[in-house]
file structure_31.tsv (TSV, C-alpha atoms)
chain	number	residue	atom	x	y	z
N	1	ASN	CA	42.01	118.90	70.80
N	2	ALA	CA	45.34	120.76	71.05
N	3	GLY	CA	44.69	122.41	74.46
N	4	VAL	CA	47.37	124.95	75.34
N	5	THR	CA	50.16	125.30	72.82
N	6	GLN	CA	53.27	127.37	73.46
N	7	THR	CA	56.32	128.05	71.32
N	8	PRO	CA	59.24	127.86	71.14
N	9	LYS	CA	60.11	124.80	73.23
N	10	PHE	CA	63.73	125.85	73.68
N	11	ARG	CA	65.52	129.15	73.16
N	12	ILE	CA	68.91	130.63	74.01
N	13	LEU	CA	69.08	134.40	74.22
N	14	LYS	CA	71.96	136.80	74.67
N	15	ILE	CA	71.75	139.42	77.41
N	16	GLY	CA	69.79	142.42	76.17
N	17	GLN	CA	68.00	140.60	73.37
N	18	SER	CA	64.24	140.57	73.08
N	19	MET	CA	61.86	137.76	72.30
N	20	THR	CA	58.24	136.73	72.49
N	21	LEU	CA	56.91	133.46	73.81
N	22	GLN	CA	53.75	132.55	71.98
N	23	CYS	CA	50.75	130.88	73.63
N	24	THR	CA	47.44	129.87	72.17
N	25	GLN	CA	44.53	127.82	73.50
N	26	ASP	CA	41.59	126.32	71.64
N	27	MET	CA	39.30	125.66	74.60
N	28	ASN	CA	37.62	129.09	74.58
N	29	HIS	CA	38.93	129.76	78.08
N	30	ASN	CA	38.64	133.34	79.23
N	31	TYR	CA	41.46	133.17	81.79
N	32	MET	CA	45.07	132.79	80.67
N	33	TYR	CA	48.29	132.83	82.69
N	34	TRP	CA	52.04	132.89	82.37
N	35	TYR	CA	54.13	131.17	85.03
N	36	ARG	CA	57.86	130.70	85.41
N	37	GLN	CA	59.45	127.74	87.14
N	38	ASP	CA	62.97	128.00	88.46
N	39	PRO	CA	64.96	124.84	89.30
N	40	GLY	CA	63.63	123.09	92.38
N	41	MET	CA	60.90	125.67	92.81
N	42	GLY	CA	57.18	125.87	92.30
N	43	LEU	CA	55.51	128.01	89.69
N	44	LYS	CA	55.35	131.75	90.12
N	45	LEU	CA	52.75	133.83	88.32
N	46	ILE	CA	54.14	136.47	85.97
N	47	TYR	CA	51.01	137.91	84.35
N	48	TYR	CA	47.45	136.81	83.85
N	49	SER	CA	44.44	137.85	81.81
N	50	VAL	CA	40.76	137.53	82.62
N	51	GLY	CA	39.66	138.11	79.04
N	52	ALA	CA	40.57	139.72	75.75
N	53	GLY	CA	41.88	143.23	76.25
N	54	ILE	CA	42.49	142.78	79.99
N	55	THR	CA	45.81	141.89	81.62
N	56	ASP	CA	47.18	142.16	85.14
N	57	LYS	CA	50.42	141.59	87.00
N	58	GLY	CA	51.16	138.50	88.99
N	59	GLU	CA	53.88	137.88	91.58
N	60	VAL	CA	56.94	138.46	89.37
N	61	PRO	CA	56.03	140.78	86.44
N	62	ASN	CA	59.23	142.82	86.21
N	63	GLY	CA	61.03	142.44	82.90
N	64	TYR	CA	57.99	141.08	81.08
N	65	ASN	CA	55.04	142.37	79.11
N	66	VAL	CA	51.89	140.70	77.82
N	67	SER	CA	48.97	141.44	75.57
N	68	ARG	CA	45.62	139.76	75.01
N	69	SER	CA	44.14	140.93	71.74
N	70	THR	CA	42.12	137.73	71.25
N	71	THR	CA	40.62	135.08	73.51
N	72	GLU	CA	42.94	132.45	72.07
N	73	ASP	CA	46.35	134.15	72.26
N	74	PHE	CA	48.41	135.43	75.17
N	75	PRO	CA	52.02	136.20	74.15
N	76	LEU	CA	54.72	136.96	76.72
N	77	ARG	CA	57.37	139.50	75.76
N	78	LEU	CA	60.87	139.80	77.21
N	79	GLU	CA	62.26	143.20	76.21
N	80	LEU	CA	65.82	143.14	77.56
N	81	ALA	CA	66.73	139.60	78.48
N	82	ALA	CA	68.73	139.14	81.68
N	83	PRO	CA	70.36	136.00	83.13
N	84	SER	CA	67.81	136.09	85.96
N	85	GLN	CA	65.15	135.30	83.38
N	86	THR	CA	66.67	131.92	82.65
N	87	SER	CA	63.79	129.63	83.56
N	88	VAL	CA	61.06	127.36	82.26
N	89	TYR	CA	57.96	129.26	81.24
N	90	PHE	CA	54.48	127.77	81.30
N	91	CYS	CA	51.39	129.22	79.71
N	92	ALA	CA	48.05	128.07	81.12
N	93	SER	CA	44.36	128.69	80.72
N	94	SER	CA	41.09	128.06	82.53
N	95	TYR	CA	37.45	129.02	82.70
N	96	SER	CA	36.53	131.67	85.22
N	97	PRO	CA	37.79	130.80	88.70
N	98	GLY	CA	35.04	130.43	91.23
N	99	SER	CA	33.12	128.10	88.97
N	100	TYR	CA	33.59	124.40	89.54
N	101	SER	CA	35.33	123.86	86.23
N	102	GLY	CA	37.28	127.06	86.60
N	103	ASN	CA	39.62	125.51	89.12
N	104	THR	CA	41.05	123.21	86.48
N	105	ILE	CA	43.97	125.01	84.93
N	106	TYR	CA	45.43	123.51	81.78
N	107	PHE	CA	49.13	123.98	81.23
N	108	GLY	CA	51.19	124.03	78.08
N	109	GLU	CA	54.29	121.86	77.80
N	110	GLY	CA	56.71	124.61	78.74
N	111	SER	CA	59.37	126.76	77.10
N	112	TRP	CA	62.98	126.39	78.27
N	113	LEU	CA	64.70	129.77	78.06
N	114	THR	CA	68.40	130.35	78.74
N	115	VAL	CA	69.90	133.84	78.81
N	116	VAL	CA	73.66	133.97	78.43
H	117	GLY	CA	52.25	137.45	99.64
H	118	GLN	CA	50.86	134.01	100.29
H	119	GLN	CA	53.34	131.17	100.59
H	120	LEU	CA	52.95	127.44	100.61
H	121	ASN	CA	55.38	125.14	102.39
H	122	GLN	CA	55.41	121.73	100.78
H	123	SER	CA	57.18	118.75	102.30
H	124	PRO	CA	59.09	116.67	101.86
H	125	GLN	CA	61.12	118.20	99.05
H	126	SER	CA	62.12	114.76	97.80
H	127	MET	CA	61.31	111.14	98.49
H	128	PHE	CA	63.10	107.92	97.57
H	129	ILE	CA	60.94	104.86	98.03
H	130	GLN	CA	60.60	101.26	96.96
H	131	GLU	CA	57.95	100.24	94.48
H	132	GLY	CA	54.80	99.24	96.33
H	133	GLU	CA	55.29	101.60	99.24
H	134	ASP	CA	52.77	104.25	100.20
H	135	VAL	CA	53.64	107.93	99.85
H	136	SER	CA	52.48	110.93	101.83
H	137	MET	CA	53.19	114.61	101.23
H	138	ASN	CA	51.63	117.78	102.55
H	139	CYS	CA	51.36	121.51	102.17
H	140	THR	CA	50.84	124.14	104.82
H	141	SER	CA	50.25	127.86	104.65
H	142	SER	CA	49.79	130.82	106.91
H	143	SER	CA	46.95	131.96	104.65
H	144	ILE	CA	43.48	130.56	104.17
H	145	PHE	CA	42.63	129.07	100.79
H	146	ASN	CA	39.23	128.27	99.30
H	147	THR	CA	40.58	125.63	96.94
H	148	TRP	CA	43.46	123.17	97.09
H	149	LEU	CA	44.79	121.50	93.98
H	150	TRP	CA	47.37	118.78	93.50
H	151	TYR	CA	49.34	118.57	90.26
H	152	LYS	CA	51.90	116.14	88.88
H	153	GLN	CA	54.66	117.19	86.52
H	154	ASP	CA	56.55	114.69	84.40
H	155	PRO	CA	59.97	115.62	82.99
H	156	GLY	CA	59.67	118.01	80.06
H	157	GLU	CA	55.94	118.44	80.53
H	158	GLY	CA	53.57	120.92	82.07
H	159	PRO	CA	51.77	120.15	85.34
H	160	VAL	CA	48.66	117.99	85.10
H	161	LEU	CA	45.82	118.24	87.60
H	162	LEU	CA	45.38	115.17	89.83
H	163	ILE	CA	42.85	116.18	92.45
H	164	ALA	CA	40.87	119.33	93.24
H	165	LEU	CA	39.47	120.06	96.72
H	166	TYR	CA	36.80	122.71	97.29
H	167	LYS	CA	35.59	122.40	100.89
H	168	ALA	CA	37.31	122.31	104.26
H	169	GLY	CA	37.47	118.73	105.48
H	170	GLU	CA	36.85	117.29	102.02
H	171	LEU	CA	38.52	113.95	101.32
H	172	THR	CA	38.76	113.00	97.65
H	173	SER	CA	40.22	109.99	95.88
H	174	ASN	CA	41.41	109.47	92.34
H	175	GLY	CA	42.45	105.85	91.93
H	176	ARG	CA	45.39	105.23	94.23
H	177	LEU	CA	45.57	108.92	95.12
H	178	THR	CA	43.78	110.45	98.09
H	179	ALA	CA	43.89	114.09	99.10
H	180	GLN	CA	42.29	116.07	101.90
H	181	PHE	CA	41.47	119.73	102.41
H	182	GLY	CA	42.41	120.61	105.98
H	183	ILE	CA	39.75	121.80	108.41
H	184	THR	CA	41.64	125.02	109.07
H	185	ARG	CA	41.81	125.71	105.29
H	186	LYS	CA	45.55	126.20	105.72
H	187	ASP	CA	46.79	122.74	104.80
H	188	SER	CA	46.29	119.74	102.56
H	189	PHE	CA	47.86	116.34	102.12
H	190	LEU	CA	48.22	113.90	99.25
H	191	ASN	CA	48.66	110.16	99.71
H	192	ILE	CA	49.63	107.66	97.04
H	193	SER	CA	49.07	104.02	97.86
H	194	ALA	CA	51.03	101.08	96.45
H	195	SER	CA	53.37	103.20	94.36
H	196	ILE	CA	54.30	102.10	90.84
H	197	PRO	CA	57.12	103.28	88.55
H	198	SER	CA	54.89	105.67	86.60
H	199	ASP	CA	54.25	107.64	89.82
H	200	VAL	CA	57.75	109.10	89.45
H	201	GLY	CA	57.67	112.86	88.97
H	202	ILE	CA	57.27	116.12	90.81
H	203	TYR	CA	54.07	116.73	92.75
H	204	PHE	CA	52.88	120.27	93.41
H	205	CYS	CA	50.22	121.54	95.71
H	206	ALA	CA	48.47	124.78	94.81
H	207	GLY	CA	46.07	126.91	96.73
H	208	ARG	CA	43.62	129.47	95.51
H	209	VAL	CA	43.24	132.51	97.73
H	210	ILE	CA	39.85	133.51	99.02
H	211	GLN	CA	40.01	137.14	97.98
H	212	GLY	CA	41.45	138.99	95.07
H	213	ALA	CA	41.74	137.72	91.56
H	214	GLN	CA	41.64	134.08	92.52
H	215	LYS	CA	45.24	133.44	91.63
H	216	LEU	CA	46.92	130.15	92.39
H	217	VAL	CA	49.91	129.91	94.71
H	218	PHE	CA	52.15	126.88	94.20
H	219	GLY	CA	54.24	124.90	96.64
H	220	GLN	CA	57.89	124.14	95.92
H	221	GLY	CA	57.16	120.59	94.81
H	222	THR	CA	57.95	117.07	96.05
H	223	ARG	CA	60.21	115.04	93.78
H	224	LEU	CA	59.28	111.35	93.96
H	225	THR	CA	61.79	108.69	92.96
H	226	ILE	CA	60.87	105.00	93.01
H	227	ASN	CA	63.34	102.13	93.16
H	228	PRO	CA	61.98	99.08	91.39

call {"tool": "encode", "arguments": {"input": "structure_31.tsv", "output": "structure tokens"}}
result
Amino acid sequence: NAGVTQTPKFRILKIGQSMTLQCTQDMNHNYMYWYRQDPGMGLKLIYYSVGAGITDKGEVPNGYNVSRSTTEDFPLRLELAAPSQTSVYFCASSYSPGSYSGNTIYFGEGSWLTVV
Amino acid sequence: GQQLNQSPQSMFIQEGEDVSMNCTSSSIFNTWLWYKQDPGEGPVLLIALYKAGELTSNGRLTAQFGITRKDSFLNISASIPSDVGIYFCAGRVIQGAQKLVFGQGTRLTINP
């Protein structure tokens, strides 16, 4: 059981470049999330999705875009990379919150992104 | 927006000692979660709390959901080297889209 898989693990971008962080889950979860974690800080929600075709902004959405064409995949797009986007990015998924099992969020292993 | 204050930010203890950390908020949460993050990994759920006053254990870990719904603590008894890592509390808000808010983390270091 792979769980939540995100790629790439590490990436260095130049200012102004674009890239997509890929995320896929094989648990048939309807909720998916993207978080960023800055050094010494907790996780901040960038975007989330409650199901295929539906996305919504989190706490820090500026500079990012997402799409959810399938239940399994939730890619995160950086259009014009800026140094402020240097961070560790975590994709996560869960069943519907509010249900007992929905409070268990499964995280991917993280993607280390550096913008220079 | 909602904020969680987690303390302490870091702890340096001897193997075998007990550990205590807590989170407080100005907002009310309907769920409290405690996660552990090992270096180079994503957070892993340790304990989930669903009701005010609830006290739940998972091996040497014990966590409680505060009566006011604005705080939670995590205790680790008889620490061992593999307890090293960063511990995060997270709260789920009562209204809205049920998003999680994370604390800043407590970095635990254990001297053997």

call {"tool": "residues_around", "arguments": {"input": "structure_31.tsv", "residues": "Glu170 of chain H", "least_positions_apart": "4", "cutoff": "7 Å", "atoms": "all atoms listed in the file", "output": "list of chain:residue names"}}
result
H:Leu165, H:Gln180, H:Phe181

call {"tool": "closest_residue", "arguments": {"input": "structure_31.tsv", "among": "N:Gly3, N:Gly42, N:Pro8, N:Gly16", "to": "Ala206 of chain H", "atoms": "all atoms listed in the file"}}
result
N:Gly42

call {"tool": "axis_aligned_box", "arguments": {"input": "structure_31.tsv", "around": "segment 170-174 of chain H", "padding_each_side": "3 Å", "output": "lines of an AutoDock Vina configuration file"}}
result
center_x = 39.1
center_y = 113.4
center_z = 97.2
size_x = 10.6
size_y = 13.8
size_z = 15.7

call {"tool": "closest_residue", "arguments": {"input": "structure_31.tsv", "among": "N:Met19, N:Leu43, N:Ile12, N:Leu80", "to": "chain H", "atoms": "only C-alpha atoms"}}
result
N:Leu43

call {"tool": "closest_residue", "arguments": {"input": "structure_31.tsv", "among": "H:Leu190, H:Leu171, H:Ala164, H:Leu120", "to": "Met137 of chain H", "atoms": "only C-alpha atoms"}}
result
H:Leu190

call {"tool": "closest_atom_pairs", "arguments": {"input": "structure_31.tsv", "of": "chain N", "to": "chain H", "cutoff": "6 Å", "atoms": "all atoms listed in the file", "output": "Markdown table"}}
result
| residue | atom | partner | partner_atom | distance |
| --- | --- | --- | --- | --- |
| N:Met41 | CA | H:Gln220 | CA | 4.6 |
| N:Gly42 | CA | H:Gln220 | CA | 4.1 |
| N:Leu43 | CA | H:Phe218 | CA | 5.7 |
| N:Phe107 | CA | H:Gly158 | CA | 5.5 |
| N:Gly108 | CA | H:Gly158 | CA | 5.6 |
| N:Glu109 | CA | H:Gly158 | CA | 4.4 |
| N:Gly110 | CA | H:Gly158 | CA | 5.9 |

call {"tool": "atom_distance", "arguments": {"input": "structure_31.tsv", "atom1": "atom CA of Ala82 of chain N", "atom2": "atom CA of Gly53 of chain N"}}
result
27.7 Å

call {"tool": "residues_near_point", "arguments": {"input": "structure_31.tsv", "point": "(63.1, 126.0, 85.8)", "cutoff": "7 Å", "atoms": "only C-alpha atoms", "output": "list in words"}}
result
Gln37, Asp38, Pro39, Ser87 and Val88 of chain N

call {"tool": "residues_around", "arguments": {"input": "structure_31.tsv", "residues": "Asn138 of chain H", "least_positions_apart": "6", "cutoff": "9 Å", "atoms": "only C-alpha atoms", "output": "ChimeraX atom specification"}}
result
/H:121-124,187-191,205
